[in-house]
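Asks: Provided herewith is a single structure, encoded as structure tokens, for subsequent inquiry.
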Amino acid sequence: MAGDGGSTAYNSRIEGLRQKEFPMLRDEVYLDHAGTTLYAKSLVDKFAADMTSNLFGNPHSASLSSQTSTSRIEDVRLRVLQFFNADPSEFDLVFVANATSGIKLVTEAFRSNPFGFDYLYHQSCHTSLVGVREEAANNICLDNAAVNTWLGGDHFSPDLGHHDRPVLFAYPAQSNMDGSRLPLDWSDKVRKSKPASNRPVFTLLDAAAFVATSPIDLGDSETAPDFTVLSFYKMFGFPDLGGLIVRRQAASIFQSRKYFGGGTVDMVVCLREQWHASKTQALHESLEDGTLPVHSIIALDAALDVHRQLFKSMNDVSSHTSFLSQRLHDGLAALRHSNGQPVCAMYSQPSLASKRLESSLGNGPVVAFNLQNHLGGWVSLIEFEKLAVLKHFHVRTGGLCNPGGIAQSLGLQPWEMKRNFSAGFRCGTENDIMGGRPTGVIRVSLGAMSTISDVDKFIAFIIEFYQTESLPQHMPSGLTPARQNIPDMSVKSITVFPIKSCGGFRIPIGTMWEVKAEGLAWDREWCLVHRGTGQALSQKRHPRMALIRPVIDFSTGHLRVSYQGPPLAKCIPEISVPLSANPGFFQPSATSKPMASRVCGEEISAQIYTSSEVNDFFATILGVPCALARFPPGGQGKSMRHAKAHLQKHQKVNRKTQCKMPCRFPGMDTPPDSDSESERRRILLSNESPILAINLSSLEALNRQIIDQGGKGVSSEVFRANIVVGSSAAESQSFAYSEDHWSSLRIGEQDFKMLGSCRRCHMVCIDQETAEKSEEPFVTLTKTRRFDGKVFFGTHMCHVPAQNGTKEAQFPTIAIGDKVLVDPF
């Protein structure tokens with residue numbers, strides 16, 4: 001590529017400083033700079049040195065330390081304006097928490113106008129700009145063509161009304177969703193074209209995404225936006241601070257602002273009269289309510305210095321990130337499955353190619369896309385993120401707080417988005433494919449400290465896990481998997497997990513263990529909940545939970561819990577709670593409104609233990625403010641949960657066609673799970689079903705694949721199954737993954753119905769003995785057990801009660817060594 005020499009030389013320079021300046025990037029690939037970029041070590045060191053060698057007081061005072069703060073704040077204010085080539089006589093900078101706070105401050109002023117205001121906003125706006133419409137008398141969302149039509153004189157009659165009502169026009173300099181850039185001269189064209197019947201029109205530019213990697217020049221106040229908002233952490237990584245740059249010719253709009261805070265007024269009368277006098281010497285003095293974040297502003301001073309030392313100019317950063325973005329875009333766009341179908345559906349335009357096509361706008365260093373399999377089916381964003389996390393990639397997925405951009409890119413109509421909402425879609429939920437379309441995208445964004453290596457590693461990751469190298473094979477129509485009689489199959493182990501996500505209790509040989517409607521007795525009846533949010537804790541965030549080992553002690557009638565990890569100060573060896581649900585141990589529900597607990601996104605009503613000794617035991621181990629809670633069987637309403645898993649068509653014996661999805665190890669594919677229910681079967685605190693089982697033949701096949709790739713086999717414990725079954729027959733390896741096609745099991749005298757395959761996450765990579773994380777077995781499962789973008793291992797099932805009145809029917813039990821029959825009916 002022509003001109004690459006300078007880019008590769010600059011890239012080498014960045015590679016050279018990363019180890020020293022960004023040690024947190026060791027073994028990590030950070031590709032979410034549009035969320036926040038990274039702070040350099042020398043920035044933190046410089047800020048710390050400044051803080052420890054100077055005394056900074058509250059600027060609302062006359063002491064020497066206060067005056068020192070005031071002086072530094074004004075110096076930094078000037079430096080920031082100069083950074084954007086903004087003349088202090090033409091512009092003022094108001095420090096705010098972030099870009100959204102700047103938007104709210106502008107909105108507050110327009111809302112206070114006696115006639116209100118009308119609002120026009122571009123469809124690529126961030127949610128924070130979209131939200132302004134709720135304060136406006138009228139609002140219209142515009143695309144590029146509509147903006148140009150408006151600038152050409154269309155008054156949008158009768159959508160915009162009162163002729164004295166000001167108009168606020170807002171748009172982003174760069175979309176935070178796909179990196180597309182909009183004309184910075186729109187603000188100038190607004191003034192020159194005088195649209196909207198000569199009504200006063202003000203422009204609000206969201207520059208947060210743009211200025212992170214590109215220079216912006218506010219040197220001409222006649223063409224500059226009236227209000228420009230930005231977030232400094234997107235530029236420098238630190239401090240967490242934002243700015244609102246106001247064109248002084250637009251400052252009059254703030255005169256109608258009603259609220260005033262400390263430090264913004266010269267006089268306030270409260271008793272017999274209600275009167276105040278705002279400060280008028282400088283605009284920022286009347287808008288910066290309360291005490292400024294002094295230390296953050298001091299840190300911004302250091303950030304400006306360090307950024308220049310490390311990365312030279314913003315022009316250099318812009319050239320470097322554009323070069324990387326082009327490389328990333330080209331690499332992803334070129335990927336093809338073996339049948340020629342594209343691997344990636346691209347939503348961003350190539351950055352450098354846009355400029356070669358004589359576009360002065362280009363595209364920011366953002367690449368938004370989705371993954372597709374060889375049949376054109378969408379790959380689940382949730383599954384993608386699980387694997388990305390495991391492989392140490394930091395990216396963003398979902399709606400990205402850009403509803404207009406997402407709707408346009410994915411072709412979603414308003415009625416479709418409302419339908420998805422009615423069907424359960426919410427921000428942060430796992431409903432990532434609805435109505436045959438994705439609900440979000442994958443966003444990769446680059447920053448000043450990104451490198452060619454980051455880009456190439458990510459492309460290689462996509463190739464390894466999502467590019468199909470050979471076409472899958474289809475079974476002839478009408479054929480079904482042959483029914484296999486598995487000889488000498490028996491129960492090899494039984495485990496219950498009394499406390500959700502903590503260690504398991506292995507049932508001793510010879511013990512008959514009760515089977516209930518909700519699953520095995522005492523399985524996942526307790527959980528640990530965060531004291532602040534009520535959210536149930538999980539090993540995915542707290543791997544040390546694996547080292548919390550419960551024992552069900554029937555001789556004493558207690559659940560005894562110990563910690564089997566490295567010694568911890570102030571941690572007692574063991575705690576115990578009664579197996580009986582004694583109300584005296586729980587928070588009384590009548591004295592106050594209890595905090596709702598949440599398990600797997602579902603609100604439940606759990607009983608919270610009050611014992612400080614018990615709760616402190618868990619909090620000390622995990623370093624998290626948490627409490628033990630109980631969810632006993634037999635509840636109603638929010639004290640009751642139901643299974644989510646059930647069989648799919650692909651798992652039924654009478655299905656006509658089986659399609660093997662692409663994988664690296666033929667014959668090891670699994671059918672998908674389901675998000676709906678056929679029968680409402682009760683569960684306690686398990687994720688999806690009453691009982692989870694695995695087949696040892698499948699585990700052995702998986703471990704052979706892991707070992708063949710140079711890895712270390714895993715134990716059955718990582719799958720946290722209740723029941724492990726296996727055959728002692730010599731040909732047992734031929735039964736690997738046969739559980740995909742089982743309809744039922746008989747274990748001893750008890751019958752069980754299969755409910756569907758178990759969808760897996762990277763929690764299976766936590767060693768249940770040491771709590772250490774690794775990549776396996778999830779990486780190999782992703783290559784061998786992925787169907788429709790989802791990863792599976794093991795099978796869900798439930799007990800089918802007998803109706804014959806026998807002792808076994810009245811008190812169903814199973815034990816290790818029980819004979820297992822597949823599809824005995």
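By order in the structure tokens, chains are A, B, ...; within a chain, residues start at 1; ligands start at 1, following the order shown.
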When you look at segment 134-145 of chain A with a cut-off of 9 Å (counting only C-alpha atoms), what residues show up, excluding the ones that are within fewer than 3 positions of it in the same chain? I need them as a list of chain:residue names.

Replies: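 Contacts, in chain order: A:Thr107, A:Glu108, A:Phe110, A:Arg111, A:Phe115, A:Gly116, A:Phe117, A:Asp118, A:Tyr119, A:Leu120, A:Tyr121, A:His122, A:Gln123, A:Ser124, A:Val130, A:Gly131, A:Asn148, A:Thr149, A:Trp150, A:Phe156, A:Asp159, A:Leu160, A:Gly161, A:Leu182, A:Gly404.
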
Asks: Can I get the selected residues back with C-alpha atoms, as a PDB file, in the first residue's frame?

Replies:
ATOM      1  CA  THR A 107     -30.603  21.133  27.063  1.00  0.00           C
ATOM      2  CA  GLU A 108     -31.318  22.721  30.418  1.00  0.00           C
ATOM      3  CA  PHE A 110     -33.036  25.562  25.914  1.00  0.00           C
ATOM      4  CA  ARG A 111     -35.705  23.983  28.073  1.00  0.00           C
ATOM      5  CA  PHE A 115     -41.199  29.507  24.183  1.00  0.00           C
ATOM      6  CA  GLY A 116     -39.408  26.211  24.559  1.00  0.00           C
ATOM      7  CA  PHE A 117     -37.385  24.939  21.604  1.00  0.00           C
ATOM      8  CA  ASP A 118     -37.583  22.677  18.576  1.00  0.00           C
ATOM      9  CA  TYR A 119     -35.020  19.971  18.066  1.00  0.00           C
ATOM     10  CA  LEU A 120     -33.479  18.440  14.961  1.00  0.00           C
ATOM     11  CA  TYR A 121     -31.033  15.577  15.337  1.00  0.00           C
ATOM     12  CA  HIS A 122     -29.172  13.268  12.990  1.00  0.00           C
ATOM     13  CA  GLN A 123     -29.999   9.562  12.964  1.00  0.00           C
ATOM     14  CA  SER A 124     -26.374   8.719  13.841  1.00  0.00           C
ATOM     15  CA  VAL A 130     -31.478  11.434  21.116  1.00  0.00           C
ATOM     16  CA  GLY A 131     -32.758  11.920  24.668  1.00  0.00           C
ATOM     17  CA  ASN A 148     -29.232  18.761   3.050  1.00  0.00           C
ATOM     18  CA  THR A 149     -32.862  19.377   2.113  1.00  0.00           C
ATOM     19  CA  TRP A 150     -33.342  21.406   5.283  1.00  0.00           C
ATOM     20  CA  PHE A 156     -40.455  21.195   7.759  1.00  0.00           C
ATOM     21  CA  ASP A 159     -43.762  20.066  12.093  1.00  0.00           C
ATOM     22  CA  LEU A 160     -41.948  23.056  13.582  1.00  0.00           C
ATOM     23  CA  GLY A 161     -44.213  25.739  14.951  1.00  0.00           C
ATOM     24  CA  LEU A 182     -20.467  13.889   9.075  1.00  0.00           C
ATOM     25  CA  GLY A 404     -30.536   5.205  14.777  1.00  0.00           C
TER      26      GLY A 404
END

Asks: If you run DSSP on the backbone here, which positions in segment 674-795 of chain A get strand (DSSP E)? Please write them as a PyMOL selection string.

Replies: chain A and resi 682-683+691-695+723-727+744-747+750-759+786-787+790-795

Asks: For Asn485 of chain A, work out the shell of residues within 12 Å, counting only C-alpha atoms and skipping chain neighbours fewer than 2 positions away, then give it as a PDB file with N, CA and C atoms, in the first residue's frame.

Replies:
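Now in out-v7.pdb:
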ATOM      1  N   ALA A 482     -28.831 -43.598  13.850  1.00  0.00           N
ATOM      2  CA  ALA A 482     -29.160 -44.963  14.256  1.00  0.00           C
ATOM      3  C   ALA A 482     -29.270 -45.056  15.770  1.00  0.00           C
ATOM      4  N   ARG A 483     -30.270 -45.756  16.226  1.00  0.00           N
ATOM      5  CA  ARG A 483     -30.431 -45.944  17.668  1.00  0.00           C
ATOM      6  C   ARG A 483     -29.370 -46.915  18.160  1.00  0.00           C
ATOM      7  N   PRO A 487     -24.030 -50.681  25.903  1.00  0.00           N
ATOM      8  CA  PRO A 487     -23.896 -51.721  26.934  1.00  0.00           C
ATOM      9  C   PRO A 487     -23.181 -51.210  28.176  1.00  0.00           C
ATOM     10  N   ASP A 488     -23.538 -51.795  29.294  1.00  0.00           N
ATOM     11  CA  ASP A 488     -22.828 -51.564  30.571  1.00  0.00           C
ATOM     12  C   ASP A 488     -22.744 -50.080  30.923  1.00  0.00           C
ATOM     13  N   MET A 489     -23.784 -49.318  30.646  1.00  0.00           N
ATOM     14  CA  MET A 489     -23.769 -47.919  31.041  1.00  0.00           C
ATOM     15  C   MET A 489     -24.333 -47.796  32.449  1.00  0.00           C
ATOM     16  N   SER A 727     -19.941 -45.820  30.026  1.00  0.00           N
ATOM     17  CA  SER A 727     -19.969 -47.246  29.710  1.00  0.00           C
ATOM     18  C   SER A 727     -18.581 -47.827  29.903  1.00  0.00           C
ATOM     19  N   ALA A 729     -17.761 -50.561  28.382  1.00  0.00           N
ATOM     20  CA  ALA A 729     -17.522 -51.383  27.199  1.00  0.00           C
ATOM     21  C   ALA A 729     -16.301 -50.888  26.438  1.00  0.00           C
ATOM     22  N   GLU A 731     -15.882 -50.544  23.332  1.00  0.00           N
ATOM     23  CA  GLU A 731     -16.213 -49.644  22.228  1.00  0.00           C
ATOM     24  C   GLU A 731     -16.911 -48.369  22.702  1.00  0.00           C
ATOM     25  N   SER A 732     -16.731 -47.985  23.965  1.00  0.00           N
ATOM     26  CA  SER A 732     -17.461 -46.846  24.531  1.00  0.00           C
ATOM     27  C   SER A 732     -17.174 -45.543  23.789  1.00  0.00           C
ATOM     28  N   SER A 734     -17.216 -44.983  20.787  1.00  0.00           N
ATOM     29  CA  SER A 734     -18.144 -44.811  19.665  1.00  0.00           C
ATOM     30  C   SER A 734     -19.461 -44.187  20.111  1.00  0.00           C
ATOM     31  N   PHE A 735     -19.671 -44.079  21.423  1.00  0.00           N
ATOM     32  CA  PHE A 735     -20.911 -43.505  21.937  1.00  0.00           C
ATOM     33  C   PHE A 735     -20.776 -42.017  22.255  1.00  0.00           C
ATOM     34  N   SER A 738     -23.590 -39.298  21.772  1.00  0.00           N
ATOM     35  CA  SER A 738     -24.863 -39.961  21.477  1.00  0.00           C
ATOM     36  C   SER A 738     -25.992 -39.347  22.300  1.00  0.00           C
ATOM     37  N   GLU A 739     -25.644 -38.664  23.406  1.00  0.00           N
ATOM     38  CA  GLU A 739     -26.674 -38.033  24.241  1.00  0.00           C
ATOM     39  C   GLU A 739     -27.451 -36.960  23.489  1.00  0.00           C
ATOM     40  N   TRP A 742     -30.667 -38.776  22.587  1.00  0.00           N
ATOM     41  CA  TRP A 742     -31.472 -39.504  23.564  1.00  0.00           C
ATOM     42  C   TRP A 742     -32.779 -38.766  23.807  1.00  0.00           C
ATOM     43  N   LEU A 745     -33.990 -41.456  29.676  1.00  0.00           N
ATOM     44  CA  LEU A 745     -33.076 -42.367  30.377  1.00  0.00           C
ATOM     45  C   LEU A 745     -33.840 -43.046  31.497  1.00  0.00           C
ATOM     46  N   VAL A 820     -27.932 -47.668  33.681  1.00  0.00           N
ATOM     47  CA  VAL A 820     -28.551 -46.623  32.865  1.00  0.00           C
ATOM     48  C   VAL A 820     -28.992 -47.235  31.543  1.00  0.00           C
ATOM     49  N   LEU A 821     -30.264 -47.050  31.212  1.00  0.00           N
ATOM     50  CA  LEU A 821     -30.811 -47.499  29.936  1.00  0.00           C
ATOM     51  C   LEU A 821     -31.218 -46.278  29.120  1.00  0.00           C
ATOM     52  N   VAL A 822     -30.874 -46.298  27.843  1.00  0.00           N
ATOM     53  CA  VAL A 822     -31.207 -45.202  26.951  1.00  0.00           C
ATOM     54  C   VAL A 822     -32.491 -45.523  26.207  1.00  0.00           C
ATOM     55  N   ASP A 823     -33.430 -44.582  26.209  1.00  0.00           N
ATOM     56  CA  ASP A 823     -34.715 -44.725  25.517  1.00  0.00           C
ATOM     57  C   ASP A 823     -35.347 -46.088  25.778  1.00  0.00           C
ATOM     58  N   PRO A 824     -35.647 -46.381  27.043  1.00  0.00           N
ATOM     59  CA  PRO A 824     -36.144 -47.724  27.375  1.00  0.00           C
ATOM     60  C   PRO A 824     -37.597 -47.949  26.992  1.00  0.00           C
TER      61      PRO A 824
END

Asks: Measuring atom to atom with only C-alpha atoms, identify which of A:Pro365, A:Gly623, A:Pro114, A:Pro550 is nearest to Gln255 of chain A.

Replies: A:Pro114

Asks: Please identify all polymer residues within 9 Å of segment 8-15 of chain A, counting only C-alpha atoms, omitting same-chain residues fewer than 3 positions from it, and present them as a ChimeraX atom specification.

Replies: /A:4-5,18-19,310-311,316,320,323,448-453

Asks: Would you save the residues of that selection, restricted to N, CA and C atoms, as a PDB file, in the first residue's frame?

Replies:
ATOM      1  N   ASP A   4       2.716   3.420   3.073  1.00  0.00           N
ATOM      2  CA  ASP A   4       2.736   2.637   4.299  1.00  0.00           C
ATOM      3  C   ASP A   4       4.019   2.844   5.095  1.00  0.00           C
ATOM      4  N   GLY A   5       5.077   3.303   4.437  1.00  0.00           N
ATOM      5  CA  GLY A   5       6.362   3.405   5.122  1.00  0.00           C
ATOM      6  C   GLY A   5       6.291   4.235   6.376  1.00  0.00           C
ATOM      7  N   ARG A  18       5.073   0.567  24.231  1.00  0.00           N
ATOM      8  CA  ARG A  18       3.916  -0.066  24.886  1.00  0.00           C
ATOM      9  C   ARG A  18       4.290  -0.828  26.146  1.00  0.00           C
ATOM     10  N   GLN A  19       5.405  -1.535  26.128  1.00  0.00           N
ATOM     11  CA  GLN A  19       5.752  -2.350  27.289  1.00  0.00           C
ATOM     12  C   GLN A  19       5.950  -1.486  28.528  1.00  0.00           C
ATOM     13  N   LEU A 310       4.303  11.224  23.915  1.00  0.00           N
ATOM     14  CA  LEU A 310       4.234   9.844  23.435  1.00  0.00           C
ATOM     15  C   LEU A 310       3.810   9.741  21.981  1.00  0.00           C
ATOM     16  N   PHE A 311       2.837  10.548  21.586  1.00  0.00           N
ATOM     17  CA  PHE A 311       2.210  10.352  20.280  1.00  0.00           C
ATOM     18  C   PHE A 311       2.396  11.517  19.317  1.00  0.00           C
ATOM     19  N   ASP A 316      -0.675  12.906  13.694  1.00  0.00           N
ATOM     20  CA  ASP A 316       0.043  11.627  13.674  1.00  0.00           C
ATOM     21  C   ASP A 316      -0.861  10.490  14.137  1.00  0.00           C
ATOM     22  N   HIS A 320      -2.069   7.269  11.867  1.00  0.00           N
ATOM     23  CA  HIS A 320      -1.763   5.926  12.354  1.00  0.00           C
ATOM     24  C   HIS A 320      -3.034   5.088  12.492  1.00  0.00           C
ATOM     25  N   PHE A 323      -4.629   4.181   9.131  1.00  0.00           N
ATOM     26  CA  PHE A 323      -3.869   3.104   8.504  1.00  0.00           C
ATOM     27  C   PHE A 323      -4.258   1.746   9.096  1.00  0.00           C
ATOM     28  N   ALA A 448      -4.616   5.492  19.814  1.00  0.00           N
ATOM     29  CA  ALA A 448      -3.247   5.939  19.580  1.00  0.00           C
ATOM     30  C   ALA A 448      -2.221   4.852  19.858  1.00  0.00           C
ATOM     31  N   MET A 449      -2.489   4.008  20.850  1.00  0.00           N
ATOM     32  CA  MET A 449      -1.510   2.975  21.209  1.00  0.00           C
ATOM     33  C   MET A 449      -1.817   1.619  20.575  1.00  0.00           C
ATOM     34  N   SER A 450      -2.763   1.564  19.631  1.00  0.00           N
ATOM     35  CA  SER A 450      -3.022   0.333  18.884  1.00  0.00           C
ATOM     36  C   SER A 450      -1.888   0.080  17.894  1.00  0.00           C
ATOM     37  N   THR A 451      -1.727  -1.176  17.508  1.00  0.00           N
ATOM     38  CA  THR A 451      -0.623  -1.538  16.618  1.00  0.00           C
ATOM     39  C   THR A 451      -1.089  -2.509  15.534  1.00  0.00           C
ATOM     40  N   ILE A 452      -0.221  -2.697  14.552  1.00  0.00           N
ATOM     41  CA  ILE A 452      -0.475  -3.674  13.497  1.00  0.00           C
ATOM     42  C   ILE A 452      -0.684  -5.059  14.105  1.00  0.00           C
ATOM     43  N   SER A 453       0.071  -5.365  15.130  1.00  0.00           N
ATOM     44  CA  SER A 453      -0.046  -6.675  15.778  1.00  0.00           C
ATOM     45  C   SER A 453      -1.449  -6.886  16.335  1.00  0.00           C
TER      46      SER A 453
END

Asks: Tell me which protein, DNA and RNA residues are within 7 Å of Tyr609 of chain A, counting only C-alpha atoms, leaving out same-chain ones fewer than 3 positions away, and put them as a PyMOL selection string.

Replies: chain A and resi 585-587+627-629

Asks: Just checking: using only C-alpha atoms, which residue out of A:Phe617, A:Lys773, A:Ala86, A:Val268 ends up closest to Ile216 of chain A?

Replies: A:Ala86

Asks: So, with only C-alpha atoms as the atoms that count, which of A:Val379, A:Leu17, A:Ile406, A:Ala251 lies closest to Val791 of chain A?

Replies: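 The answer is A:Val379, which sits nearest to Val791 of chain A.
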
Asks: To one decimal place in Å, what is the distance between atom CA of His392 of chain A and atom CA of Glu28 of chain A?

Replies: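 Atom CA of Glu28 of chain A lies 5.1 Å from atom CA of His392 of chain A.
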
Asks: Just give me the gap between atom CA of Glu430 of chain A and atom CA of Leu25 of chain A in Å, one decimal is fine.

Replies: 28.4 Å

Asks: So what do you get for atom CA of Ser112 of chain A versus atom CA of Met267 of chain A, distance-wise?

Replies: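 So the answer is 21.1 Å.
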
Asks: Find the residues around Pro498 of chain A up to 9 Å (only C-alpha atoms counted), leave out those fewer than 4 positions away in its own chain, and share them as a short mmCIF file (atom, residue, chain, number, x, y, z; two decimals) with N, CA and C atoms, in the first residue's frame.

Replies:
data_model
loop_
_atom_site.label_atom_id
_atom_site.label_comp_id
_atom_site.auth_asym_id
_atom_site.auth_seq_id
_atom_site.Cartn_x
_atom_site.Cartn_y
_atom_site.Cartn_z
N CYS A 502 -20.72 -22.38 43.78
CA CYS A 502 -19.63 -22.79 44.66
C CYS A 502 -19.28 -24.26 44.40
N GLY A 503 -18.36 -24.80 45.18
CA GLY A 503 -17.91 -26.15 44.97
C GLY A 503 -19.02 -27.17 45.12
N GLY A 504 -18.80 -28.37 44.59
CA GLY A 504 -19.81 -29.42 44.64
C GLY A 504 -19.62 -30.36 45.81
N PHE A 505 -20.68 -31.05 46.15
CA PHE A 505 -20.65 -32.09 47.19
C PHE A 505 -20.91 -33.42 46.50
N ALA A 521 -32.03 -33.55 45.40
CA ALA A 521 -32.24 -32.91 46.70
C ALA A 521 -31.02 -32.08 47.10
N TRP A 522 -31.28 -30.88 47.59
CA TRP A 522 -30.28 -29.94 48.12
C TRP A 522 -29.41 -29.31 47.04
N ASP A 523 -29.75 -29.51 45.78
CA ASP A 523 -28.94 -28.93 44.71
C ASP A 523 -29.34 -27.47 44.46
N ARG A 524 -28.37 -26.58 44.57
CA ARG A 524 -28.54 -25.15 44.28
C ARG A 524 -29.74 -24.55 45.01
N GLU A 525 -29.80 -24.83 46.30
CA GLU A 525 -30.85 -24.26 47.15
C GLU A 525 -30.40 -22.96 47.80
N TRP A 526 -29.10 -22.75 47.83
CA TRP A 526 -28.55 -21.52 48.39
C TRP A 526 -27.80 -20.74 47.31
N CYS A 527 -27.56 -19.47 47.55
CA CYS A 527 -26.70 -18.68 46.66
C CYS A 527 -26.10 -17.54 47.47
N PRO A 550 -19.01 -26.85 50.23
CA PRO A 550 -20.07 -27.21 51.17
C PRO A 550 -20.15 -28.73 51.39
N VAL A 551 -20.58 -29.11 52.57
CA VAL A 551 -20.80 -30.52 52.90
C VAL A 551 -22.18 -30.62 53.56
N ILE A 552 -23.00 -31.54 53.06
CA ILE A 552 -24.31 -31.77 53.65
C ILE A 552 -24.15 -32.82 54.75
N LEU A 559 -25.61 -27.64 56.97
CA LEU A 559 -24.76 -27.45 55.79
C LEU A 559 -23.48 -26.81 56.29
#

Asks: Could you pull the residues within 10 Å of Cys401 of chain A, counting only C-alpha atoms, minus those fewer than 4 positions along the same chain, as a PyMOL selection string?

Replies: chain A and resi 125-128+130+176-177+405-406+427

Asks: Using only C-alpha atoms, which of A:Pro777, A:Pro633, A:Gly794, A:Pro59 sits nearest Gly519 of chain A?

Replies: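 The answer is A:Pro633, which sits nearest to Gly519 of chain A.
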